[in-house]
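Text of the file input09.cif, holding mmCIF, C-alpha atoms and all ligand atoms:
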data_input
loop_
_atom_site.label_atom_id
_atom_site.label_comp_id
_atom_site.auth_asym_id
_atom_site.auth_seq_id
_atom_site.Cartn_x
_atom_site.Cartn_y
_atom_site.Cartn_z
CA MET A 203 121.34 93.75 98.79
CA HIS A 204 122.93 94.11 102.18
CA VAL A 205 121.32 95.10 105.52
CA VAL A 206 123.15 96.83 108.38
CA GLU A 207 121.43 97.08 111.76
CA MET A 208 122.95 99.95 113.75
CA GLU A 209 124.62 98.71 116.92
CA HIS A 210 125.14 102.06 118.62
CA PRO A 211 123.74 102.39 122.17
CA LEU A 212 122.38 105.86 121.32
CA ALA A 213 120.42 104.32 118.43
CA ARG A 214 118.86 101.83 120.88
CA ASP A 215 118.07 104.62 123.36
CA ILE A 216 116.49 106.90 120.75
CA LEU A 217 114.54 104.03 119.19
CA CYS A 218 113.14 103.05 122.60
CA ARG A 219 111.87 106.62 123.12
CA LEU A 220 110.41 106.70 119.58
CA ARG A 221 108.56 103.44 120.24
CA ASP A 222 107.01 104.72 123.49
CA GLU A 223 103.35 105.58 122.80
CA ARG A 224 103.58 108.43 125.33
CA THR A 225 106.12 110.34 123.20
CA GLU A 226 104.25 113.32 121.81
CA PRO A 227 104.86 114.80 118.34
CA GLY A 228 107.26 117.58 119.43
CA ALA A 229 109.53 115.15 121.24
CA PHE A 230 109.06 112.57 118.46
CA ARG A 231 110.31 115.09 115.88
CA SER A 232 113.42 115.88 117.98
CA LEU A 233 114.14 112.18 118.46
CA SER A 234 113.59 111.56 114.74
CA ARG A 235 116.19 114.24 113.98
CA ALA A 236 118.63 112.71 116.47
CA MET A 237 118.12 109.28 114.88
CA GLY A 238 118.57 110.91 111.47
CA HIS A 239 122.04 112.12 112.51
CA LEU A 240 123.09 108.59 113.48
CA LEU A 241 121.64 107.16 110.26
CA ALA A 242 123.36 109.86 108.18
CA VAL A 243 126.74 108.98 109.71
CA GLU A 244 126.20 105.29 108.94
CA CYS A 245 124.89 105.92 105.40
CA THR A 246 127.93 108.06 104.47
CA ARG A 247 130.66 105.81 105.88
CA ARG A 248 132.09 105.14 102.39
CA LEU A 249 131.80 108.69 100.96
CA GLY A 250 134.84 109.75 98.92
CA THR A 251 137.06 112.62 100.09
CA SER A 252 139.75 114.69 98.42
CA PRO A 253 142.78 116.19 100.11
CA ILE A 254 142.90 119.96 100.43
CA GLN A 255 145.29 122.47 101.89
CA VAL A 256 143.83 124.65 104.66
CA LYS A 257 145.24 127.56 106.66
CA THR A 258 144.42 127.51 110.37
CA PRO A 259 145.04 130.70 112.40
CA LEU A 260 148.48 129.18 113.16
CA GLU A 261 149.76 127.41 110.04
CA GLU A 262 149.06 125.63 106.78
CA THR A 263 147.92 122.02 107.03
CA PHE A 264 146.09 119.40 105.00
CA GLY A 265 142.51 118.28 105.40
CA GLU A 266 139.89 116.35 103.46
CA LEU A 267 136.60 117.44 101.98
CA CYS A 268 133.78 115.12 100.93
CA THR A 269 133.37 114.94 97.18
CA SER A 270 130.11 114.38 95.34
CA PRO A 271 127.62 114.48 98.20
CA PRO A 272 124.79 111.96 97.83
CA VAL A 273 121.37 112.96 96.56
CA LEU A 274 118.76 112.84 99.34
CA LEU A 275 115.34 111.48 98.48
CA PRO A 276 112.75 111.52 101.27
CA ILE A 277 109.55 109.58 100.62
CA LEU A 278 106.73 111.90 101.74
CA ARG A 279 105.55 112.25 104.33
CA ALA A 280 107.43 110.19 106.94
CA GLY A 281 110.80 110.71 105.21
CA MET A 282 110.56 114.40 106.12
CA GLY A 283 111.28 113.38 109.72
CA LEU A 284 114.83 112.38 108.71
CA LEU A 285 115.61 115.04 106.09
CA PRO A 286 116.70 117.93 108.39
CA ALA A 287 119.29 115.71 110.09
CA PHE A 288 120.73 114.52 106.78
CA GLN A 289 120.88 118.14 105.56
CA ASP A 290 122.68 119.17 108.77
CA LEU A 291 125.52 116.79 107.86
CA LEU A 292 125.28 117.08 104.07
CA PRO A 293 124.48 120.75 103.37
CA GLY A 294 125.61 120.42 99.73
CA SER A 295 123.36 117.46 98.88
CA PRO A 296 120.71 117.97 96.21
CA VAL A 297 117.27 116.96 97.48
CA GLY A 298 114.46 115.34 95.53
CA PHE A 299 110.98 114.43 96.69
CA VAL A 300 108.66 111.55 95.95
CA ALA A 301 105.16 111.18 97.31
CA VAL A 302 104.08 107.57 97.42
CA ARG A 303 101.72 105.92 99.85
CA ARG A 304 100.43 102.44 100.18
CA ASP A 305 96.84 101.62 99.34
CA GLU A 306 95.52 100.51 102.73
CA THR A 307 93.41 97.75 101.15
CA THR A 308 96.01 96.20 98.83
CA ALA A 309 99.34 97.44 100.32
CA LYS A 310 100.32 98.39 96.74
CA PRO A 311 102.18 101.70 96.21
CA LEU A 312 100.18 104.69 94.89
CA TRP A 313 102.52 107.23 93.25
CA PHE A 314 101.38 110.87 93.60
CA TYR A 315 104.28 113.14 92.80
CA ASP A 316 107.99 113.31 92.07
CA SER A 317 110.47 116.14 91.73
CA VAL A 318 113.93 114.68 91.47
CA PRO A 319 117.32 116.13 90.39
CA PRO A 320 119.55 114.23 87.88
CA LEU A 321 120.56 110.88 89.38
CA GLU A 322 122.89 109.52 86.67
CA GLY A 323 125.99 108.08 88.33
CA ARG A 324 125.04 109.46 91.76
CA HIS A 325 124.82 107.88 95.20
CA VAL A 326 121.19 108.29 96.29
CA ILE A 327 120.02 107.98 99.89
CA VAL A 328 116.31 107.19 100.09
CA LEU A 329 114.78 108.26 103.41
CA ASP A 330 111.91 105.99 104.46
CA PRO A 331 111.72 105.48 108.23
CA MET A 332 109.42 102.42 108.17
CA LEU A 333 110.27 99.59 105.77
CA ALA A 334 107.10 97.48 106.05
CA THR A 335 106.04 95.38 103.01
CA GLY A 336 108.75 96.94 100.84
CA GLY A 337 106.09 97.90 98.25
CA THR A 338 106.64 101.66 98.50
CA SER A 339 110.39 101.69 99.02
CA GLY A 340 110.80 99.00 96.35
CA ALA A 341 108.95 101.19 93.82
CA VAL A 342 111.19 104.15 94.71
CA VAL A 343 114.43 102.13 94.61
CA GLU A 344 113.41 100.77 91.19
CA TYR A 345 112.70 104.32 89.95
CA VAL A 346 116.07 105.56 91.27
CA PHE A 347 118.08 102.75 89.65
CA GLY A 348 116.01 103.29 86.49
CA ARG A 349 117.26 106.89 86.40
CA GLY A 350 120.86 105.71 86.40
CA ALA A 351 121.87 105.99 90.09
CA ALA A 352 125.18 104.22 90.69
CA GLU A 353 124.51 103.35 94.31
CA VAL A 354 121.38 103.39 96.48
CA THR A 355 121.18 103.37 100.27
CA LEU A 356 117.84 103.09 102.07
CA ALA A 357 117.82 104.77 105.50
CA CYS A 358 115.17 103.29 107.83
CA VAL A 359 114.42 103.56 111.51
CA VAL A 360 112.60 100.22 111.65
CA ALA A 361 112.52 97.48 109.02
CA ALA A 362 110.28 94.41 108.88
CA PRO A 363 111.77 91.09 107.73
CA GLU A 364 109.06 90.94 105.02
CA GLY A 365 110.24 94.27 103.56
CA VAL A 366 113.88 93.25 103.70
CA ALA A 367 113.02 90.02 101.83
CA GLU A 368 111.09 92.00 99.19
CA LEU A 369 114.10 94.26 98.50
CA CYS A 370 116.52 91.32 98.10
CA ARG A 371 115.98 91.64 94.33
CA PHE A 372 118.16 94.82 94.21
CA ASP A 373 121.82 93.82 93.95
CA GLY A 374 123.39 97.21 94.63
CA LEU A 375 121.12 98.24 97.52
CA LEU A 376 122.35 98.87 101.06
CA ILE A 377 119.71 99.10 103.82
CA ILE A 378 120.69 100.81 107.08
CA ALA A 379 118.16 100.40 109.91
CA ALA A 380 118.17 101.10 113.63
CA ALA A 381 116.32 97.79 114.09
CA VAL A 382 114.87 94.90 112.12
CA ASP A 383 111.64 94.09 113.99
CA ARG A 384 109.66 90.84 114.29
CA GLU A 385 106.91 90.88 111.67
CA LEU A 386 103.97 92.71 110.07
CA ASP A 387 100.44 92.54 111.46
CA ASP A 388 97.36 91.95 109.29
CA ARG A 389 97.17 95.69 108.43
CA TRP A 390 100.88 95.74 107.41
CA TYR A 391 102.02 97.61 110.52
CA ILE A 392 105.41 96.64 111.89
CA LEU A 393 105.43 94.73 115.23
CA PRO A 394 106.50 95.82 117.77
CA GLY A 395 107.19 98.91 115.63
CA LEU A 396 106.21 102.39 116.73
CA GLY A 397 102.89 102.98 114.98
CA ASP A 398 102.40 105.27 112.01
CA TYR A 399 105.58 107.34 111.69
CA GLY A 400 103.86 110.18 109.81
CA ASP A 401 101.09 110.41 112.39
CA ARG A 402 103.60 110.32 115.25
CA LEU A 403 105.60 113.14 113.58
CA PHE A 404 102.74 115.37 112.59
CA GLY A 405 100.20 114.76 115.32
CA GLU A 406 97.33 112.70 113.93
CA GLY A 407 96.61 109.66 116.04
CA SER A 408 98.82 110.79 118.92
CA PRO A 409 97.50 109.81 122.36
CA GLU A 410 95.12 112.20 124.13
CA PRO A 411 97.01 114.37 126.63
CA GLY A 412 96.66 113.00 130.16
CA PRO A 413 94.83 114.79 133.00
N1 LIG B 1 104.43 102.71 108.07
C1 LIG B 1 104.41 103.18 109.33
O1 LIG B 1 104.45 104.40 109.56
N2 LIG B 1 104.37 102.28 110.35
C2 LIG B 1 104.33 100.94 110.14
O2 LIG B 1 104.30 100.18 111.12
C3 LIG B 1 104.35 100.47 108.82
C4 LIG B 1 104.40 101.38 107.79
#
Would you mind giving the structure from this file in structure tokens?
Amino acid sequence: MHVVEMEHPLARDILCRLRDERTEPGAFRSLSRAMGHLLAVECTRRLGTSPIQVKTPLEETFGELCTSPPVLLPILRAGMGLLPAFQDLLPGSPVGFVAVRRDETTAKPLWFYDSVPPLEGRHVIVLDPMLATGGTSGAVVEYVFGRGAAEVTLACVVAAPEGVAELCRFDGLLIIAAAVDRELDDRWYILPGLGDYGDRLFGEGSPEPGP
């Protein structure tokens, strides 16, 4: 397992705005999409390409096209905040869905639903913005490798050191995060973090509008 923390100044800027408790859901969704674009670029750095001849309005030249686009696998619901950005850059990627949430009393993953295309030999990018205990993403990464994926990348906005340590058991896993934060609190929220990503995206728990 290998972790890459994005160094780009735009990633720091966007993350700072995502963290801000005053950022309302509409703006949070736009920022999540912007962060998704940066994550998608980082997650696809090693994608294979093949040469192709192309005719511009002026002459023939050579270009490259990406081969075998990765399978995208958002973990519902927070992963939906990154999916549109990944699809912008990878329009040919098959998309699967898994619905897993953590039991708030035990932090263990509860698996609700999956609808996943064939993964045999594929590069799979799991979209999970908040890597907290690693329970949920670990269950999904295990499932994906179990279905024969050749390579798995986990795209996160914020990761906790506890979650990173939990995922060390996966040899072929690459984690890309905008930041690795300090620690988890006693309810398994990431500190300093940004709160509940799903709530911030979809409105529950957002601050009351000011006067
Ligand atoms: N999931 C979230 O949305 N936020 C956290 O801080 C931890 C898990």
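Using only C-alpha atoms and all ligand atoms, the nearest neighbour of ligand LIG 1 (chain B) within the list A:Val342, A:Leu220, A:Met208, A:Ile378 is A:Leu220.
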Taking only C-alpha atoms and all ligand atoms into account, which residues are within 10 Å of ligand LIG 1 (chain B), as a tab-separated table (two decimals) with C-alpha atoms, in the frame of the given file?
chain	number	residue	atom	x	y	z
A	279	ARG	CA	105.55	112.25	104.33
A	280	ALA	CA	107.43	110.19	106.94
A	281	GLY	CA	110.80	110.71	105.21
A	303	ARG	CA	101.72	105.92	99.85
A	304	ARG	CA	100.43	102.44	100.18
A	309	ALA	CA	99.34	97.44	100.32
A	330	ASP	CA	111.91	105.99	104.46
A	331	PRO	CA	111.72	105.48	108.23
A	332	MET	CA	109.42	102.42	108.17
A	333	LEU	CA	110.27	99.59	105.77
A	334	ALA	CA	107.10	97.48	106.05
A	335	THR	CA	106.04	95.38	103.01
A	336	GLY	CA	108.75	96.94	100.84
A	338	THR	CA	106.64	101.66	98.50
A	360	VAL	CA	112.60	100.22	111.65
A	361	ALA	CA	112.52	97.48	109.02
A	362	ALA	CA	110.28	94.41	108.88
A	383	ASP	CA	111.64	94.09	113.99
A	385	GLU	CA	106.91	90.88	111.67
A	386	LEU	CA	103.97	92.71	110.07
A	387	ASP	CA	100.44	92.54	111.46
A	389	ARG	CA	97.17	95.69	108.43
A	390	TRP	CA	100.88	95.74	107.41
A	391	TYR	CA	102.02	97.61	110.52
A	392	ILE	CA	105.41	96.64	111.89
A	393	LEU	CA	105.43	94.73	115.23
A	394	PRO	CA	106.50	95.82	117.77
A	395	GLY	CA	107.19	98.91	115.63
A	396	LEU	CA	106.21	102.39	116.73
A	397	GLY	CA	102.89	102.98	114.98
A	398	ASP	CA	102.40	105.27	112.01
A	399	TYR	CA	105.58	107.34	111.69
A	400	GLY	CA	103.86	110.18	109.81
A	401	ASP	CA	101.09	110.41	112.39
A	402	ARG	CA	103.60	110.32	115.25
A	403	LEU	CA	105.60	113.14	113.58
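Across the structure, CA of Gly265 in chain A and CA of Pro253 in chain A are spaced 5.7 Å apart.
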*Just how far from CA of Val302 in chain A is CA of Glu226 in chain A, in Å to one decimal?*
25.1 Å
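For Glu207 in chain A, the residues within 12 Å (counting all atoms listed in the file, excluding itself and residues fewer than 3 positions away along the chain) are His204, His210, Pro211, Ala213, Arg214, Leu240, Leu241, Glu244, Cys245, Leu356, Ala357, Cys358, Val359, Val360, Ala361, Ala362, Val366, Leu376, Ile377, Ile378, Ala379, Ala380, Ala381, Val382 and Asp383 of chain A.
Our summary of the geometry notes that CA of Phe404 in chain A is positioned 17.6 Å from CA of Leu217 in chain A.
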*Can you tell me, as a ChimeraX atom specification, what residues are no more than 6 Å from His325 in chain A when counting only C-alpha atoms, ignoring any on the same chain fewer than 2 positions away?*
/A:272,352-354
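Restricting the calculation to all atoms listed in the file, the smallest distance between Thr307 in chain A and any of A:Asp222, A:Glu261, A:Asp388, A:Glu406 is found for A:Asp388.
Nearest residue to Asp316 in chain A among A:Ile277, A:Leu291, A:Leu284, A:Ala351 is A:Ile277, counting all atoms listed in the file.
Every protein, DNA or RNA residue with an atom at most 8 Å from Gly340 in chain A, where all atoms listed in the file count and chain neighbours fewer than 4 positions away do not, is listed here: Gly336, Glu344, Glu368 and Leu369 of chain A.
Closest to Val300 in chain A among A:Leu312, A:Val256, A:Leu375, A:Leu278 is A:Leu278, based on all atoms listed in the file.
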*Of the residues A:Met203, A:Cys370, A:Ala301, A:Leu285, which is the one nearest to Leu329 in chain A, using only C-alpha atoms?*
A:Leu285
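Counting all atoms listed in the file and comparing A:Thr355, A:Ser339, A:Ser317, A:Ser232, the residue that lies closest to Leu249 in chain A is A:Thr355.
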How would range 284-295 of chain A look written as a PDB file, in the first residue's frame with all heavy atoms?
ATOM      1  N   LEU A 284     -17.817  12.948  -5.816  1.00  0.00           N
ATOM      2  CA  LEU A 284     -16.620  12.933  -6.677  1.00  0.00           C
ATOM      3  C   LEU A 284     -16.908  12.365  -8.060  1.00  0.00           C
ATOM      4  O   LEU A 284     -16.157  12.606  -9.005  1.00  0.00           O
ATOM      5  CB  LEU A 284     -15.504  12.109  -6.009  1.00  0.00           C
ATOM      6  CG  LEU A 284     -14.982  12.615  -4.661  1.00  0.00           C
ATOM      7  CD1 LEU A 284     -13.937  11.643  -4.112  1.00  0.00           C
ATOM      8  CD2 LEU A 284     -14.360  14.006  -4.799  1.00  0.00           C
ATOM      9  N   LEU A 285     -17.996  11.585  -8.180  1.00  0.00           N
ATOM     10  CA  LEU A 285     -18.240  10.862  -9.438  1.00  0.00           C
ATOM     11  C   LEU A 285     -18.345  11.774 -10.672  1.00  0.00           C
ATOM     12  O   LEU A 285     -17.717  11.484 -11.702  1.00  0.00           O
ATOM     13  CB  LEU A 285     -19.484   9.972  -9.305  1.00  0.00           C
ATOM     14  CG  LEU A 285     -19.818   9.161 -10.561  1.00  0.00           C
ATOM     15  CD1 LEU A 285     -18.719   8.157 -10.888  1.00  0.00           C
ATOM     16  CD2 LEU A 285     -21.161   8.437 -10.402  1.00  0.00           C
ATOM     17  N   PRO A 286     -19.138  12.880 -10.633  1.00  0.00           N
ATOM     18  CA  PRO A 286     -19.260  13.675 -11.864  1.00  0.00           C
ATOM     19  C   PRO A 286     -17.913  14.167 -12.393  1.00  0.00           C
ATOM     20  O   PRO A 286     -17.686  14.173 -13.606  1.00  0.00           O
ATOM     21  CB  PRO A 286     -20.151  14.852 -11.433  1.00  0.00           C
ATOM     22  CG  PRO A 286     -20.911  14.339 -10.241  1.00  0.00           C
ATOM     23  CD  PRO A 286     -19.979  13.403  -9.545  1.00  0.00           C
ATOM     24  N   ALA A 287     -17.007  14.531 -11.503  1.00  0.00           N
ATOM     25  CA  ALA A 287     -15.694  15.020 -11.943  1.00  0.00           C
ATOM     26  C   ALA A 287     -14.899  13.905 -12.619  1.00  0.00           C
ATOM     27  O   ALA A 287     -14.265  14.116 -13.665  1.00  0.00           O
ATOM     28  CB  ALA A 287     -14.919  15.551 -10.744  1.00  0.00           C
ATOM     29  N   PHE A 288     -14.921  12.709 -12.031  1.00  0.00           N
ATOM     30  CA  PHE A 288     -14.206  11.584 -12.640  1.00  0.00           C
ATOM     31  C   PHE A 288     -14.818  11.255 -14.001  1.00  0.00           C
ATOM     32  O   PHE A 288     -14.114  10.946 -14.958  1.00  0.00           O
ATOM     33  CB  PHE A 288     -14.215  10.360 -11.711  1.00  0.00           C
ATOM     34  CG  PHE A 288     -13.116  10.393 -10.686  1.00  0.00           C
ATOM     35  CD1 PHE A 288     -13.211  11.218  -9.568  1.00  0.00           C
ATOM     36  CD2 PHE A 288     -11.976   9.627 -10.830  1.00  0.00           C
ATOM     37  CE1 PHE A 288     -12.187  11.265  -8.623  1.00  0.00           C
ATOM     38  CE2 PHE A 288     -10.945   9.664  -9.899  1.00  0.00           C
ATOM     39  CZ  PHE A 288     -11.058  10.482  -8.795  1.00  0.00           C
ATOM     40  N   GLN A 289     -16.151  11.342 -14.104  1.00  0.00           N
ATOM     41  CA  GLN A 289     -16.789  11.047 -15.397  1.00  0.00           C
ATOM     42  C   GLN A 289     -16.482  12.129 -16.429  1.00  0.00           C
ATOM     43  O   GLN A 289     -16.423  11.841 -17.621  1.00  0.00           O
ATOM     44  CB  GLN A 289     -18.292  10.912 -15.216  1.00  0.00           C
ATOM     45  CG  GLN A 289     -18.669   9.611 -14.518  1.00  0.00           C
ATOM     46  CD  GLN A 289     -20.157   9.380 -14.547  1.00  0.00           C
ATOM     47  OE1 GLN A 289     -20.898  10.132 -13.925  1.00  0.00           O
ATOM     48  NE2 GLN A 289     -20.596   8.384 -15.278  1.00  0.00           N
ATOM     49  N   ASP A 290     -16.295  13.376 -15.984  1.00  0.00           N
ATOM     50  CA  ASP A 290     -15.905  14.436 -16.927  1.00  0.00           C
ATOM     51  C   ASP A 290     -14.625  14.034 -17.645  1.00  0.00           C
ATOM     52  O   ASP A 290     -14.481  14.219 -18.854  1.00  0.00           O
ATOM     53  CB  ASP A 290     -15.631  15.761 -16.188  1.00  0.00           C
ATOM     54  CG  ASP A 290     -16.903  16.452 -15.711  1.00  0.00           C
ATOM     55  OD1 ASP A 290     -17.998  16.111 -16.196  1.00  0.00           O
ATOM     56  OD2 ASP A 290     -16.785  17.340 -14.838  1.00  0.00           O
ATOM     57  N   LEU A 291     -13.646  13.499 -16.866  1.00  0.00           N
ATOM     58  CA  LEU A 291     -12.335  13.191 -17.450  1.00  0.00           C
ATOM     59  C   LEU A 291     -12.265  11.778 -18.025  1.00  0.00           C
ATOM     60  O   LEU A 291     -11.392  11.496 -18.844  1.00  0.00           O
ATOM     61  CB  LEU A 291     -11.227  13.374 -16.405  1.00  0.00           C
ATOM     62  CG  LEU A 291     -11.086  14.778 -15.807  1.00  0.00           C
ATOM     63  CD1 LEU A 291      -9.776  14.908 -15.063  1.00  0.00           C
ATOM     64  CD2 LEU A 291     -11.149  15.858 -16.875  1.00  0.00           C
ATOM     65  N   LEU A 292     -13.157  10.919 -17.586  1.00  0.00           N
ATOM     66  CA  LEU A 292     -13.123   9.508 -18.026  1.00  0.00           C
ATOM     67  C   LEU A 292     -14.505   9.107 -18.530  1.00  0.00           C
ATOM     68  O   LEU A 292     -15.180   8.258 -17.931  1.00  0.00           O
ATOM     69  CB  LEU A 292     -12.721   8.610 -16.843  1.00  0.00           C
ATOM     70  CG  LEU A 292     -11.323   8.838 -16.269  1.00  0.00           C
ATOM     71  CD1 LEU A 292     -11.191   8.224 -14.881  1.00  0.00           C
ATOM     72  CD2 LEU A 292     -10.271   8.244 -17.206  1.00  0.00           C
ATOM     73  N   PRO A 293     -14.966   9.706 -19.637  1.00  0.00           N
ATOM     74  CA  PRO A 293     -16.347   9.457 -20.075  1.00  0.00           C
ATOM     75  C   PRO A 293     -16.599   8.006 -20.460  1.00  0.00           C
ATOM     76  O   PRO A 293     -17.744   7.560 -20.436  1.00  0.00           O
ATOM     77  CB  PRO A 293     -16.517  10.399 -21.277  1.00  0.00           C
ATOM     78  CG  PRO A 293     -15.139  10.762 -21.700  1.00  0.00           C
ATOM     79  CD  PRO A 293     -14.258  10.668 -20.497  1.00  0.00           C
ATOM     80  N   GLY A 294     -15.525   7.250 -20.780  1.00  0.00           N
ATOM     81  CA  GLY A 294     -15.723   5.853 -21.186  1.00  0.00           C
ATOM     82  C   GLY A 294     -15.633   4.862 -20.028  1.00  0.00           C
ATOM     83  O   GLY A 294     -15.722   3.654 -20.248  1.00  0.00           O
ATOM     84  N   SER A 295     -15.470   5.352 -18.813  1.00  0.00           N
ATOM     85  CA  SER A 295     -15.306   4.426 -17.678  1.00  0.00           C
ATOM     86  C   SER A 295     -16.620   3.780 -17.277  1.00  0.00           C
ATOM     87  O   SER A 295     -17.608   4.488 -17.040  1.00  0.00           O
ATOM     88  CB  SER A 295     -14.767   5.173 -16.454  1.00  0.00           C
ATOM     89  OG  SER A 295     -13.400   5.352 -16.542  1.00  0.00           O
TER      90      SER A 295
END
